[in-house]
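Printed here is upload.cif (mmCIF, C-alpha atoms and all ligand atoms):
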```
data_structure
loop_
_atom_site.label_atom_id
_atom_site.label_comp_id
_atom_site.auth_asym_id
_atom_site.auth_seq_id
_atom_site.Cartn_x
_atom_site.Cartn_y
_atom_site.Cartn_z
CA MET U 1 -87.74 46.70 -29.57
CA VAL U 2 -84.07 47.43 -30.16
CA LEU U 3 -81.99 44.50 -31.37
CA VAL U 4 -78.23 44.55 -30.85
CA TYR U 5 -75.49 42.41 -32.38
CA SER U 6 -71.73 42.60 -32.56
CA ASP U 7 -69.16 39.86 -33.05
CA ASP U 8 -66.88 41.79 -30.68
CA GLU U 9 -67.74 41.31 -27.00
CA LYS U 10 -66.47 44.69 -25.78
CA ASN U 11 -68.23 46.50 -28.61
CA MET U 12 -71.41 44.56 -27.74
CA LEU U 13 -71.38 45.97 -24.18
CA GLU U 14 -71.03 49.50 -25.59
CA LEU U 15 -73.90 48.93 -28.02
CA ILE U 16 -76.14 47.53 -25.29
CA ALA U 17 -75.61 50.74 -23.29
CA LYS U 18 -76.75 52.82 -26.27
CA ALA U 19 -79.59 50.42 -27.09
CA LYS U 20 -80.80 50.85 -23.52
CA ASP U 21 -80.95 54.64 -23.99
CA VAL U 22 -82.79 54.37 -27.29
CA SER U 23 -85.16 51.67 -26.06
CA LYS U 24 -86.13 53.86 -23.10
CA GLU U 25 -86.95 56.71 -25.49
CA LEU U 26 -89.07 54.34 -27.60
CA ASP U 27 -90.56 52.64 -24.54
CA GLU U 28 -89.15 49.35 -25.81
CA LYS U 29 -86.72 46.65 -24.67
CA ALA U 30 -83.07 46.12 -25.54
CA THR U 31 -82.46 42.63 -26.93
CA ALA U 32 -78.97 41.24 -27.56
CA VAL U 33 -78.29 38.51 -30.11
CA VAL U 34 -75.47 35.96 -29.84
CA PHE U 35 -74.89 33.39 -32.54
CA ASP U 36 -73.83 29.79 -32.29
CA THR U 37 -72.54 29.50 -28.76
CA ASP U 38 -73.65 27.48 -25.73
CA ASP U 39 -71.94 29.91 -23.36
CA GLU U 40 -74.80 31.14 -21.19
CA SER U 41 -72.41 33.18 -19.07
CA LEU U 42 -72.05 35.51 -22.06
CA ALA U 43 -75.82 36.04 -22.16
CA LYS U 44 -75.80 36.72 -18.40
CA LYS U 45 -72.98 39.21 -18.84
CA TYR U 46 -75.00 41.11 -21.44
CA ILE U 47 -77.98 41.18 -19.06
CA MET U 48 -75.79 42.45 -16.20
CA HIS U 49 -74.71 45.27 -18.56
CA GLY U 50 -78.23 46.33 -19.48
CA ALA U 51 -79.82 43.88 -21.95
CA ASP U 52 -83.45 43.04 -21.15
CA ARG U 53 -83.36 39.88 -23.26
CA VAL U 54 -80.75 37.78 -24.98
CA PHE U 55 -81.48 35.56 -27.96
CA MET U 56 -79.00 32.70 -28.16
CA VAL U 57 -79.39 31.77 -31.79
CA LYS U 58 -78.20 28.52 -33.33
CA THR U 59 -77.73 28.58 -37.08
CA GLY U 60 -75.65 25.42 -37.35
CA LEU U 61 -72.72 27.47 -38.69
CA ASN U 62 -69.53 27.62 -36.68
CA THR U 63 -68.22 30.83 -38.16
CA PHE U 64 -69.56 34.13 -39.43
CA LYS U 65 -70.95 34.06 -42.95
CA GLY U 66 -72.49 37.27 -44.24
CA GLU U 67 -75.34 35.78 -46.27
CA GLU U 68 -76.36 33.18 -43.70
CA TYR U 69 -76.19 35.47 -40.67
CA THR U 70 -78.26 38.03 -42.61
CA ASP U 71 -80.85 35.29 -43.16
CA ALA U 72 -80.81 34.46 -39.47
CA MET U 73 -81.26 38.11 -38.46
CA GLU U 74 -84.07 38.51 -40.97
CA LYS U 75 -85.87 35.51 -39.49
CA ILE U 76 -85.50 36.87 -35.96
CA LEU U 77 -86.90 40.20 -37.12
CA GLU U 78 -89.88 38.50 -38.79
CA GLU U 79 -90.84 37.15 -35.37
CA THR U 80 -90.02 40.11 -33.19
CA ASN U 81 -90.79 43.15 -35.35
CA GLU U 82 -87.89 45.16 -34.03
CA GLU U 83 -87.93 48.91 -34.72
CA VAL U 84 -84.19 49.40 -34.51
CA VAL U 85 -81.24 47.10 -35.27
CA ILE U 86 -77.85 48.20 -33.92
CA VAL U 87 -74.82 46.32 -35.26
CA GLY U 88 -71.16 46.77 -34.31
CA SER U 89 -69.09 48.51 -37.01
CA THR U 90 -66.68 45.61 -37.27
CA LYS U 91 -65.75 44.16 -40.64
CA ASN U 92 -68.41 41.45 -40.28
CA GLY U 93 -70.91 43.82 -38.71
CA LYS U 94 -70.80 46.28 -41.59
CA GLU U 95 -71.36 43.47 -44.06
CA LEU U 96 -74.26 42.10 -42.03
CA ALA U 97 -75.95 45.50 -41.53
CA SER U 98 -75.80 46.51 -45.18
CA ARG U 99 -76.99 43.10 -46.44
CA LEU U 100 -79.82 43.11 -43.91
CA ALA U 101 -80.99 46.62 -44.82
CA ALA U 102 -80.89 45.75 -48.53
CA LYS U 103 -82.93 42.56 -47.96
CA LEU U 104 -85.49 44.39 -45.84
CA ASP U 105 -85.55 47.34 -48.22
CA THR U 106 -84.93 49.76 -45.38
CA GLY U 107 -82.36 52.44 -44.52
CA CYS U 108 -78.89 51.79 -43.16
CA VAL U 109 -76.49 54.28 -41.57
CA ILE U 110 -72.93 53.08 -41.10
CA ASP U 111 -70.47 54.32 -38.42
CA CYS U 112 -72.82 56.41 -36.29
CA ILE U 113 -71.30 58.43 -33.48
CA ASN U 114 -74.66 59.26 -31.96
CA LEU U 115 -78.17 57.87 -32.00
CA TYR U 116 -81.38 59.27 -30.50
CA VAL U 117 -85.09 59.64 -31.05
CA LYS U 118 -86.31 63.02 -32.27
CA ASP U 119 -89.91 63.79 -33.21
CA GLY U 120 -90.61 60.07 -32.85
CA LYS U 121 -87.97 59.11 -35.44
CA LEU U 122 -84.60 57.48 -34.98
CA THR U 123 -81.93 60.06 -35.73
CA THR U 124 -78.24 59.38 -36.32
CA GLU U 125 -75.07 61.43 -36.46
CA ARG U 126 -71.94 60.45 -38.36
CA VAL U 127 -68.70 62.15 -39.30
CA VAL U 128 -68.35 63.17 -42.96
CA TYR U 129 -65.90 65.14 -45.17
CA SER U 130 -62.76 63.90 -43.36
CA GLY U 131 -64.13 64.97 -40.02
CA ASN U 132 -65.11 68.48 -41.12
CA ALA U 133 -68.85 68.00 -40.70
CA ILE U 134 -71.42 65.87 -38.91
CA ALA U 135 -74.28 64.47 -41.01
CA VAL U 136 -77.55 64.27 -39.09
CA GLU U 137 -79.93 61.76 -40.67
CA ARG U 138 -83.42 60.63 -39.77
CA PHE U 139 -85.04 57.29 -40.60
CA ASN U 140 -88.34 57.17 -42.47
CA SER U 141 -88.32 53.38 -42.80
CA LYS U 142 -88.41 50.53 -40.30
CA PRO U 143 -86.52 48.74 -38.99
CA ALA U 144 -83.78 51.33 -38.81
CA VAL U 145 -80.43 49.57 -39.29
CA VAL U 146 -77.33 51.31 -37.94
CA THR U 147 -73.74 50.40 -37.16
CA ILE U 148 -71.68 51.92 -34.35
CA PRO U 149 -67.87 51.67 -34.17
CA PRO U 150 -66.04 50.45 -31.06
CA LYS U 151 -65.33 52.96 -28.27
CA VAL U 152 -68.00 55.48 -29.19
CA PHE U 153 -70.06 54.76 -26.07
CA ASP U 154 -69.14 53.52 -22.61
CA PRO U 155 -70.64 50.23 -21.36
CA LEU U 156 -73.01 50.44 -18.41
CA PRO U 157 -71.46 49.29 -15.13
CA GLU U 158 -72.02 45.62 -14.34
CA ASP U 159 -75.06 45.07 -12.12
CA GLU U 160 -75.28 41.50 -10.79
CA SER U 161 -78.82 42.03 -9.55
CA ARG U 162 -80.21 42.75 -13.02
CA ALA U 163 -82.64 40.15 -14.33
CA GLY U 164 -83.41 39.39 -17.95
CA GLU U 165 -84.65 36.65 -20.21
CA VAL U 166 -82.40 34.24 -22.08
CA ILE U 167 -84.22 32.75 -25.05
CA LYS U 168 -82.71 29.92 -27.06
CA LYS U 169 -83.64 29.77 -30.71
CA GLU U 170 -82.83 27.55 -33.63
CA VAL U 171 -82.97 29.26 -36.97
CA LYS U 172 -82.86 27.39 -40.26
CA VAL U 173 -80.83 29.52 -42.62
CA ASP U 174 -80.61 29.19 -46.38
CA ARG U 175 -77.21 28.00 -47.58
CA TYR U 176 -75.34 30.07 -50.12
CA PRO U 177 -72.70 28.90 -52.56
CA SER U 178 -69.84 30.99 -51.11
CA ARG U 179 -67.47 29.07 -48.80
CA ILE U 180 -64.88 30.14 -46.25
CA VAL U 181 -61.70 28.46 -47.39
CA ASP U 182 -59.38 29.58 -44.60
CA VAL U 183 -59.39 31.91 -41.58
CA LYS U 184 -56.07 33.50 -40.64
CA GLU U 185 -55.56 35.45 -37.43
CA MET U 186 -54.25 38.95 -38.11
CA LYS U 187 -50.80 39.47 -36.62
CA THR U 188 -50.99 41.89 -33.73
CA GLY U 189 -48.75 44.91 -34.01
CA GLU U 190 -46.00 46.27 -31.78
CA VAL U 191 -48.39 48.43 -29.79
CA ASN U 192 -52.09 48.54 -29.10
CA VAL U 193 -53.00 52.22 -28.95
CA GLU U 194 -56.72 51.48 -29.03
CA ASP U 195 -56.69 49.96 -25.55
CA ALA U 196 -54.04 52.27 -24.05
CA GLU U 197 -55.01 54.41 -21.06
CA ILE U 198 -52.15 56.87 -21.54
CA ILE U 199 -50.78 57.87 -24.95
CA VAL U 200 -47.90 60.22 -25.73
CA SER U 201 -48.07 61.04 -29.43
CA CYS U 202 -45.53 62.64 -31.70
CA GLY U 203 -45.90 64.65 -34.88
CA ARG U 204 -43.88 66.40 -37.53
CA GLY U 205 -42.51 68.82 -34.94
CA PHE U 206 -39.73 66.22 -34.43
CA LYS U 207 -36.69 66.87 -36.57
CA LYS U 208 -35.31 63.34 -36.87
CA LYS U 209 -36.21 59.75 -36.15
CA GLU U 210 -33.83 59.39 -33.18
CA ASP U 211 -35.64 62.25 -31.38
CA ILE U 212 -38.78 60.09 -31.09
CA GLN U 213 -37.09 58.52 -28.08
CA LEU U 214 -37.99 61.70 -26.14
CA VAL U 215 -41.63 60.75 -26.52
CA GLU U 216 -40.95 57.08 -25.82
CA GLU U 217 -39.22 58.01 -22.55
CA LEU U 218 -42.15 60.09 -21.36
CA ALA U 219 -44.57 57.31 -22.35
CA LYS U 220 -42.44 54.83 -20.43
CA VAL U 221 -42.34 56.80 -17.19
CA LEU U 222 -46.09 57.37 -17.42
CA ARG U 223 -46.53 53.62 -18.10
CA GLY U 224 -48.25 54.57 -21.33
CA THR U 225 -47.96 53.92 -25.05
CA THR U 226 -46.42 55.90 -27.90
CA GLY U 227 -48.67 57.12 -30.69
CA CYS U 228 -48.15 59.39 -33.69
CA SER U 229 -49.73 61.51 -36.40
CA ARG U 230 -50.02 60.22 -39.94
CA PRO U 231 -46.83 61.74 -41.41
CA ILE U 232 -44.69 59.98 -38.79
CA ALA U 233 -46.04 56.53 -39.72
CA ALA U 234 -47.16 56.92 -43.33
CA ASP U 235 -44.65 59.35 -44.88
CA LEU U 236 -41.51 59.30 -42.74
CA LYS U 237 -42.03 55.71 -41.52
CA TRP U 238 -40.31 56.50 -38.21
CA LEU U 239 -42.92 54.42 -36.36
CA SER U 240 -45.06 51.51 -37.53
CA GLU U 241 -48.67 52.01 -38.54
CA ASP U 242 -49.89 50.52 -35.24
CA HIS U 243 -48.99 53.89 -33.70
CA TRP U 244 -50.94 56.00 -36.21
CA ILE U 245 -53.90 57.88 -34.71
CA GLY U 246 -56.63 59.67 -36.58
CA LEU U 247 -59.33 59.42 -39.16
CA SER U 248 -57.43 56.95 -41.31
CA GLY U 249 -55.48 55.48 -38.38
CA HIS U 250 -56.59 54.17 -35.00
CA LYS U 251 -59.38 55.71 -32.97
CA VAL U 252 -58.35 56.04 -29.32
CA LYS U 253 -60.03 56.94 -26.05
CA PRO U 254 -57.33 57.09 -23.38
CA LYS U 255 -57.57 58.76 -19.98
CA LEU U 256 -54.64 60.98 -20.94
CA TYR U 257 -53.48 61.99 -24.44
CA ILE U 258 -50.33 64.09 -24.80
CA ALA U 259 -49.84 65.51 -28.30
CA VAL U 260 -46.27 66.66 -28.92
CA GLY U 261 -45.36 68.62 -32.06
CA ILE U 262 -48.75 67.86 -33.62
CA SER U 263 -50.60 70.72 -35.31
CA GLY U 264 -54.11 69.39 -34.60
CA GLN U 265 -55.58 69.00 -38.09
CA ILE U 266 -59.14 67.69 -38.06
CA GLN U 267 -58.07 64.28 -39.39
CA HIS U 268 -55.83 63.77 -36.35
CA ILE U 269 -58.43 65.12 -33.92
CA ALA U 270 -61.01 62.67 -35.35
CA GLY U 271 -59.00 59.83 -33.84
CA MET U 272 -58.36 61.22 -30.34
CA ARG U 273 -61.19 63.66 -29.63
CA ASP U 274 -62.80 61.26 -27.13
CA SER U 275 -59.74 61.23 -24.84
CA ASP U 276 -60.58 62.21 -21.25
CA VAL U 277 -57.74 64.73 -20.82
CA VAL U 278 -55.67 66.19 -23.65
CA VAL U 279 -52.34 67.96 -23.15
CA ALA U 280 -50.73 69.70 -26.13
CA ILE U 281 -47.10 70.73 -26.46
CA ASN U 282 -46.41 73.00 -29.43
CA LYS U 283 -44.12 75.95 -30.07
CA ASP U 284 -46.80 77.76 -32.07
CA PRO U 285 -49.29 79.45 -29.70
CA GLU U 286 -51.80 79.57 -32.59
CA ALA U 287 -51.61 75.82 -33.28
CA LEU U 288 -55.05 74.27 -33.76
CA ILE U 289 -54.28 71.48 -31.30
CA PHE U 290 -54.72 73.92 -28.41
CA LYS U 291 -58.42 74.22 -29.33
CA SER U 292 -58.84 70.52 -28.54
CA ALA U 293 -56.61 70.52 -25.46
CA ASP U 294 -57.48 70.76 -21.78
CA TYR U 295 -53.92 71.87 -20.98
CA GLY U 296 -51.45 73.51 -23.32
CA ILE U 297 -47.71 74.06 -23.07
CA VAL U 298 -46.39 76.60 -25.55
CA GLY U 299 -42.74 75.82 -26.02
CA ASP U 300 -40.04 73.98 -27.91
CA LEU U 301 -40.58 70.25 -27.44
CA TYR U 302 -36.82 69.75 -27.25
CA GLU U 303 -36.78 71.87 -24.08
CA VAL U 304 -40.16 70.89 -22.64
CA LEU U 305 -40.05 67.09 -23.02
CA PRO U 306 -36.86 66.33 -21.02
CA LYS U 307 -38.05 68.60 -18.19
CA LEU U 308 -41.52 67.05 -18.19
CA THR U 309 -40.13 63.51 -18.22
CA ASN U 310 -37.83 64.30 -15.28
CA ALA U 311 -40.65 65.94 -13.34
CA VAL U 312 -42.89 62.88 -13.88
CA LYS U 313 -40.00 60.56 -12.91
CA GLU U 314 -39.53 62.46 -9.65
CA LYS U 315 -43.25 62.43 -8.92
CA MET U 316 -43.55 58.71 -9.65
CA SER U 317 -40.64 57.79 -7.42
C1 LIG V 1 -58.07 61.82 -46.04
C2 LIG V 1 -57.02 62.20 -45.02
C3 LIG V 1 -56.86 61.39 -43.93
C4 LIG V 1 -55.91 61.71 -42.94
N1 LIG V 1 -55.80 60.92 -41.86
C5 LIG V 1 -54.96 61.30 -40.86
C6 LIG V 1 -54.87 60.53 -39.66
O1 LIG V 1 -55.51 59.49 -39.52
N2 LIG V 1 -54.04 60.96 -38.69
C7 LIG V 1 -53.28 62.10 -38.81
O2 LIG V 1 -52.53 62.43 -37.88
N3 LIG V 1 -53.34 62.83 -39.95
C8 LIG V 1 -54.14 62.45 -40.98
N4 LIG V 1 -54.18 63.19 -42.12
C9 LIG V 1 -53.17 64.26 -42.29
C10 LIG V 1 -53.56 65.55 -41.59
O3 LIG V 1 -54.35 66.34 -42.44
C11 LIG V 1 -52.29 66.36 -41.22
O4 LIG V 1 -51.54 66.56 -42.39
C12 LIG V 1 -51.42 65.68 -40.19
O5 LIG V 1 -52.19 65.29 -39.07
C13 LIG V 1 -50.32 66.63 -39.74
O6 LIG V 1 -49.44 65.95 -38.92
P1 LIG V 1 -48.60 66.74 -37.82
O7 LIG V 1 -49.50 67.50 -36.94
O8 LIG V 1 -47.67 65.75 -37.23
O9 LIG V 1 -47.69 67.71 -38.72
P2 LIG V 1 -47.78 69.26 -38.98
O10 LIG V 1 -49.13 69.66 -39.41
O11 LIG V 1 -46.64 69.59 -39.88
O12 LIG V 1 -47.53 69.92 -37.55
C14 LIG V 1 -46.33 69.92 -36.88
C15 LIG V 1 -46.51 70.79 -35.64
O13 LIG V 1 -45.32 70.74 -34.86
C16 LIG V 1 -45.09 72.03 -34.30
N5 LIG V 1 -43.65 72.12 -34.03
C17 LIG V 1 -42.63 72.18 -34.93
N6 LIG V 1 -41.45 72.20 -34.30
C18 LIG V 1 -41.72 72.15 -32.95
C19 LIG V 1 -40.92 72.15 -31.79
N7 LIG V 1 -39.58 72.17 -31.86
N8 LIG V 1 -41.53 72.12 -30.60
C20 LIG V 1 -42.88 72.09 -30.49
N9 LIG V 1 -43.70 72.08 -31.58
C21 LIG V 1 -43.13 72.11 -32.78
C22 LIG V 1 -45.57 72.99 -35.35
O14 LIG V 1 -45.89 74.25 -34.78
C23 LIG V 1 -46.78 72.27 -35.93
O15 LIG V 1 -47.96 72.68 -35.26
C24 LIG V 1 -55.10 62.87 -43.10
C25 LIG V 1 -55.28 63.68 -44.23
C26 LIG V 1 -56.23 63.35 -45.17
C27 LIG V 1 -56.39 64.24 -46.36
#
```
When written as structure tokens, how does the structure in this file appear?
Ligand SMILES: Cc1cc2nc3c(=O)[nH]c(=O)nc-3n(C[C@H](O)[C@H](O)[C@H](O)COP(=O)(O)OP(=O)(O)OC[C@H]3O[C@@H](n4cnc5c(N)ncnc54)[C@H](O)[C@@H]3O)c2cc1C
Amino acid sequence: MVLVYSDDEKNMLELIAKAKDVSKELDEKATAVVFDTDDESLAKKYIMHGADRVFMVKTGLNTFKGEEYTDAMEKILEETNEEVVIVGSTKNGKELASRLAAKLDTGCVIDCINLYVKDGKLTTERVVYSGNAIAVERFNSKPAVVTIPPKVFDPLPEDESRAGEVIKKEVKVDRYPSRIVDVKEMKTGEVNVEDAEIIVSCGRGFKKKEDIQLVEELAKVLRGTTGCSRPIAADLKWLSEDHWIGLSGHKVKPKLYIAVGISGQIQHIAGMRDSDVVVAINKDPEALIFKSADYGIVGDLYEVLPKLTNAVKEKMS
């Protein structure tokens, strides 16, 4: 069986889709776990998106606690003998997965970008060396514990006719001395590039801060969001870090990504490579970004951008 857990609902739907793939290969079922909620509509939603079973687990806790949730997962696994445990690569998920693997004395691969069965063994792929290589690893121990970041896989379409089991469980977890003293919501930033469907991103090809408005105008007419490469947010500080895309910034998956004055170094590509359509504007015909682009415009951004924005404006009106 393949057990799936994430504390992020959207991520959970993505993980269920992958769990479904893997469980088919292993001739097993995909089981989702939700903790400490009475909301059965959530369990039904997971079934409509591919889960064969949902465990609604009560631990008596009303918030995530690494040690206790690890205990709860361990107890579920004792009963169900799962072969694979897929956890969302959220902050809590990574803590849970690594604690669980350590307790069960089994392997754990964090931040997988792919997962499949090869020669009967669960095999994972993850990005290493700043995006320059992909590590392919195979599990020799069971259960295999992996984490998968948000937006790596697409959820399955909702199917209202799907049937599945909802099983309610109470799990007595050991209490640990650590306490949560306070929970503070993180302030949301100016923009949310991670959920944007259209992103127009700027790089060091821009000569001064004021020129960024050329990108903002195009983003506005396309009803999209402005993004940027690391130097624009981290070094020049022309835009806030919410805009920063790449390996050390945000990972995005828009329908359209327009990279303007961005060279296309691997660390930038790592954050936007899953975009549906990529358009690159760069004056250097040899720029690496063109290797990752579906459409390329070789030209000076100061000439191309105003023309492109006007053309889009005309088309939109
Ligand atoms: C550990 C690590 C993590 C990193 N994480 C990230 C990350 O998350 N995101 C990220 O973006 N980078 C990241 N980097 C930095 C990355 O390696 C690059 O340095 C960075 O992406 C380059 O940004 P850029 O493309 O804007 O600038 P440059 O590489 O300087 O490219 C500017 C481009 O603009 C073009 N250009 C110049 N003038 C014009 C013009 N008038 N018209 C059209 N084109 C023009 C040039 O031909 C050039 O291709 C990371 C680096 C490391 C080591």
Practice problem: Fewer than 2 positions away in the same chain doesn't count, so skip those; otherwise give me all residues within 10 Å of Ile167 in chain U, counting all atoms listed in the file, as an NGL selection string. | Solution: :U and (33 or 43 or 53-57 or 164-165 or 169)
Just C-alpha atoms for this one: save the residues we selected as an mmCIF file, in the frame of the given file.
```cif
data_model
loop_
_atom_site.group_PDB
_atom_site.id
_atom_site.type_symbol
_atom_site.label_atom_id
_atom_site.label_comp_id
_atom_site.auth_asym_id
_atom_site.auth_seq_id
_atom_site.Cartn_x
_atom_site.Cartn_y
_atom_site.Cartn_z
ATOM 1 C CA VAL U 33 -78.290 38.510 -30.110
ATOM 2 C CA ALA U 43 -75.820 36.040 -22.160
ATOM 3 C CA ARG U 53 -83.360 39.880 -23.260
ATOM 4 C CA VAL U 54 -80.750 37.780 -24.980
ATOM 5 C CA PHE U 55 -81.480 35.560 -27.960
ATOM 6 C CA MET U 56 -79.000 32.700 -28.160
ATOM 7 C CA VAL U 57 -79.390 31.770 -31.790
ATOM 8 C CA GLY U 164 -83.410 39.390 -17.950
ATOM 9 C CA GLU U 165 -84.650 36.650 -20.210
ATOM 10 C CA LYS U 169 -83.640 29.770 -30.710
#
```
Practice problem: For each of U:Pro254, U:Pro177, U:Pro149, U:Gly131, take the minimum atom-to-atom distance to ligand LIG 1 (chain V), counting all atoms listed in the file, then give the residue where this is smallest. | Solution: U:Gly131
Self-check item: Of the listed residues U:Val128, U:Val183, U:Val87, U:Leu156, that which approaches ligand LIG 1 (chain V) most closely, counting only C-alpha atoms and all ligand atoms
Solution: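 When distances to ligand LIG 1 (chain V) are compared using only C-alpha atoms and all ligand atoms, the smallest one comes from U:Val128.
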Quiz prompt | Protein and nucleic residues near ligand LIG 1 (chain V), 8 Å, all atoms listed in the file, as a ChimeraX atom specification | solution = /U:130,202-207,228-232,244-250,260-271,281-284,287-289,298-302
Generate the output file for the selected residues, C-alpha atoms, as a PDB file, keeping the file's coordinate frame.
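Result file is again19.pdb:
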```pdb
ATOM      1  CA  SER U 130     -62.760  63.900 -43.360  1.00  0.00           C
ATOM      2  CA  CYS U 202     -45.530  62.640 -31.700  1.00  0.00           C
ATOM      3  CA  GLY U 203     -45.900  64.650 -34.880  1.00  0.00           C
ATOM      4  CA  ARG U 204     -43.880  66.400 -37.530  1.00  0.00           C
ATOM      5  CA  GLY U 205     -42.510  68.820 -34.940  1.00  0.00           C
ATOM      6  CA  PHE U 206     -39.730  66.220 -34.430  1.00  0.00           C
ATOM      7  CA  LYS U 207     -36.690  66.870 -36.570  1.00  0.00           C
ATOM      8  CA  CYS U 228     -48.150  59.390 -33.690  1.00  0.00           C
ATOM      9  CA  SER U 229     -49.730  61.510 -36.400  1.00  0.00           C
ATOM     10  CA  ARG U 230     -50.020  60.220 -39.940  1.00  0.00           C
ATOM     11  CA  PRO U 231     -46.830  61.740 -41.410  1.00  0.00           C
ATOM     12  CA  ILE U 232     -44.690  59.980 -38.790  1.00  0.00           C
ATOM     13  CA  TRP U 244     -50.940  56.000 -36.210  1.00  0.00           C
ATOM     14  CA  ILE U 245     -53.900  57.880 -34.710  1.00  0.00           C
ATOM     15  CA  GLY U 246     -56.630  59.670 -36.580  1.00  0.00           C
ATOM     16  CA  LEU U 247     -59.330  59.420 -39.160  1.00  0.00           C
ATOM     17  CA  SER U 248     -57.430  56.950 -41.310  1.00  0.00           C
ATOM     18  CA  GLY U 249     -55.480  55.480 -38.380  1.00  0.00           C
ATOM     19  CA  HIS U 250     -56.590  54.170 -35.000  1.00  0.00           C
ATOM     20  CA  VAL U 260     -46.270  66.660 -28.920  1.00  0.00           C
ATOM     21  CA  GLY U 261     -45.360  68.620 -32.060  1.00  0.00           C
ATOM     22  CA  ILE U 262     -48.750  67.860 -33.620  1.00  0.00           C
ATOM     23  CA  SER U 263     -50.600  70.720 -35.310  1.00  0.00           C
ATOM     24  CA  GLY U 264     -54.110  69.390 -34.600  1.00  0.00           C
ATOM     25  CA  GLN U 265     -55.580  69.000 -38.090  1.00  0.00           C
ATOM     26  CA  ILE U 266     -59.140  67.690 -38.060  1.00  0.00           C
ATOM     27  CA  GLN U 267     -58.070  64.280 -39.390  1.00  0.00           C
ATOM     28  CA  HIS U 268     -55.830  63.770 -36.350  1.00  0.00           C
ATOM     29  CA  ILE U 269     -58.430  65.120 -33.920  1.00  0.00           C
ATOM     30  CA  ALA U 270     -61.010  62.670 -35.350  1.00  0.00           C
ATOM     31  CA  GLY U 271     -59.000  59.830 -33.840  1.00  0.00           C
ATOM     32  CA  ILE U 281     -47.100  70.730 -26.460  1.00  0.00           C
ATOM     33  CA  ASN U 282     -46.410  73.000 -29.430  1.00  0.00           C
ATOM     34  CA  LYS U 283     -44.120  75.950 -30.070  1.00  0.00           C
ATOM     35  CA  ASP U 284     -46.800  77.760 -32.070  1.00  0.00           C
ATOM     36  CA  ALA U 287     -51.610  75.820 -33.280  1.00  0.00           C
ATOM     37  CA  LEU U 288     -55.050  74.270 -33.760  1.00  0.00           C
ATOM     38  CA  ILE U 289     -54.280  71.480 -31.300  1.00  0.00           C
ATOM     39  CA  VAL U 298     -46.390  76.600 -25.550  1.00  0.00           C
ATOM     40  CA  GLY U 299     -42.740  75.820 -26.020  1.00  0.00           C
ATOM     41  CA  ASP U 300     -40.040  73.980 -27.910  1.00  0.00           C
ATOM     42  CA  LEU U 301     -40.580  70.250 -27.440  1.00  0.00           C
ATOM     43  CA  TYR U 302     -36.820  69.750 -27.250  1.00  0.00           C
TER      44      TYR U 302
END
```
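Across U:Val2, U:Leu15, U:Val200, U:Val117, the tightest approach to Lys151 in chain U is made by U:Leu15 when counting only C-alpha atoms.
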Exercise. Would you mind listing what lies within 8 Å of Asp7 in chain U as a PyMOL selection string, with all atoms listed in the file counted and same-chain residues fewer than 3 positions away left out?
Key: chain U and resi 12+88+90+92-93
Produce the centre coordinates and the three edge lengths, each in Å to one decimal, of the box along x, y and z that contains all listed atoms of range 229-239 of chain U with 4 Å added on each side, as lines of an AutoDock Vina configuration file.
```
center_x = -45.2
center_y = 58.1
center_z = -40.6
size_x = 17.7
size_y = 15.3
size_z = 16.5
```
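Atom pair CA of Ile198 in chain U / CA of Ile113 in chain U has a distance of 22.6 Å (rounded to one decimal).
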Quiz prompt | Residue with smallest distance to Asp36 in chain U - pool U:Lys142, U:Asn132, U:Asn11, U:Val171, counting all atoms listed in the file | solution =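 Smallest separation from Asp36 in chain U among the options: U:Val171.
When all atoms listed in the file are used to measure the gap to Val252 in chain U, the shortest distance among U:Val278, U:Val304, U:Ala102, U:Leu122 belongs to U:Val278.
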Since the input lacks atoms, please generate N, CA and C atoms for range 270-277 of chain U and provide them as a compact mmCIF listing (two decimals), in the frame of the given file.
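Result file follows (part16.txt):
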```
# COMPACT_ATOMS: atom_id res chain seq x y z
N ALA U 270 -59.93 63.67 -35.20
CA ALA U 270 -61.01 62.67 -35.35
C ALA U 270 -60.67 61.37 -34.64
N GLY U 271 -59.39 61.09 -34.47
CA GLY U 271 -59.00 59.83 -33.84
C GLY U 271 -58.81 59.91 -32.33
N MET U 272 -58.69 61.13 -31.78
CA MET U 272 -58.36 61.22 -30.34
C MET U 272 -59.31 62.15 -29.58
N ARG U 273 -60.34 62.64 -30.26
CA ARG U 273 -61.19 63.66 -29.63
C ARG U 273 -61.95 63.13 -28.41
N ASP U 274 -62.07 61.80 -28.27
CA ASP U 274 -62.80 61.26 -27.13
C ASP U 274 -61.91 61.01 -25.91
N SER U 275 -60.64 61.41 -25.98
CA SER U 275 -59.74 61.23 -24.84
C SER U 275 -60.27 62.02 -23.64
N ASP U 276 -60.05 61.49 -22.43
CA ASP U 276 -60.58 62.21 -21.25
C ASP U 276 -59.87 63.54 -21.06
N VAL U 277 -58.53 63.50 -21.03
CA VAL U 277 -57.74 64.73 -20.82
C VAL U 277 -56.70 64.82 -21.93
```
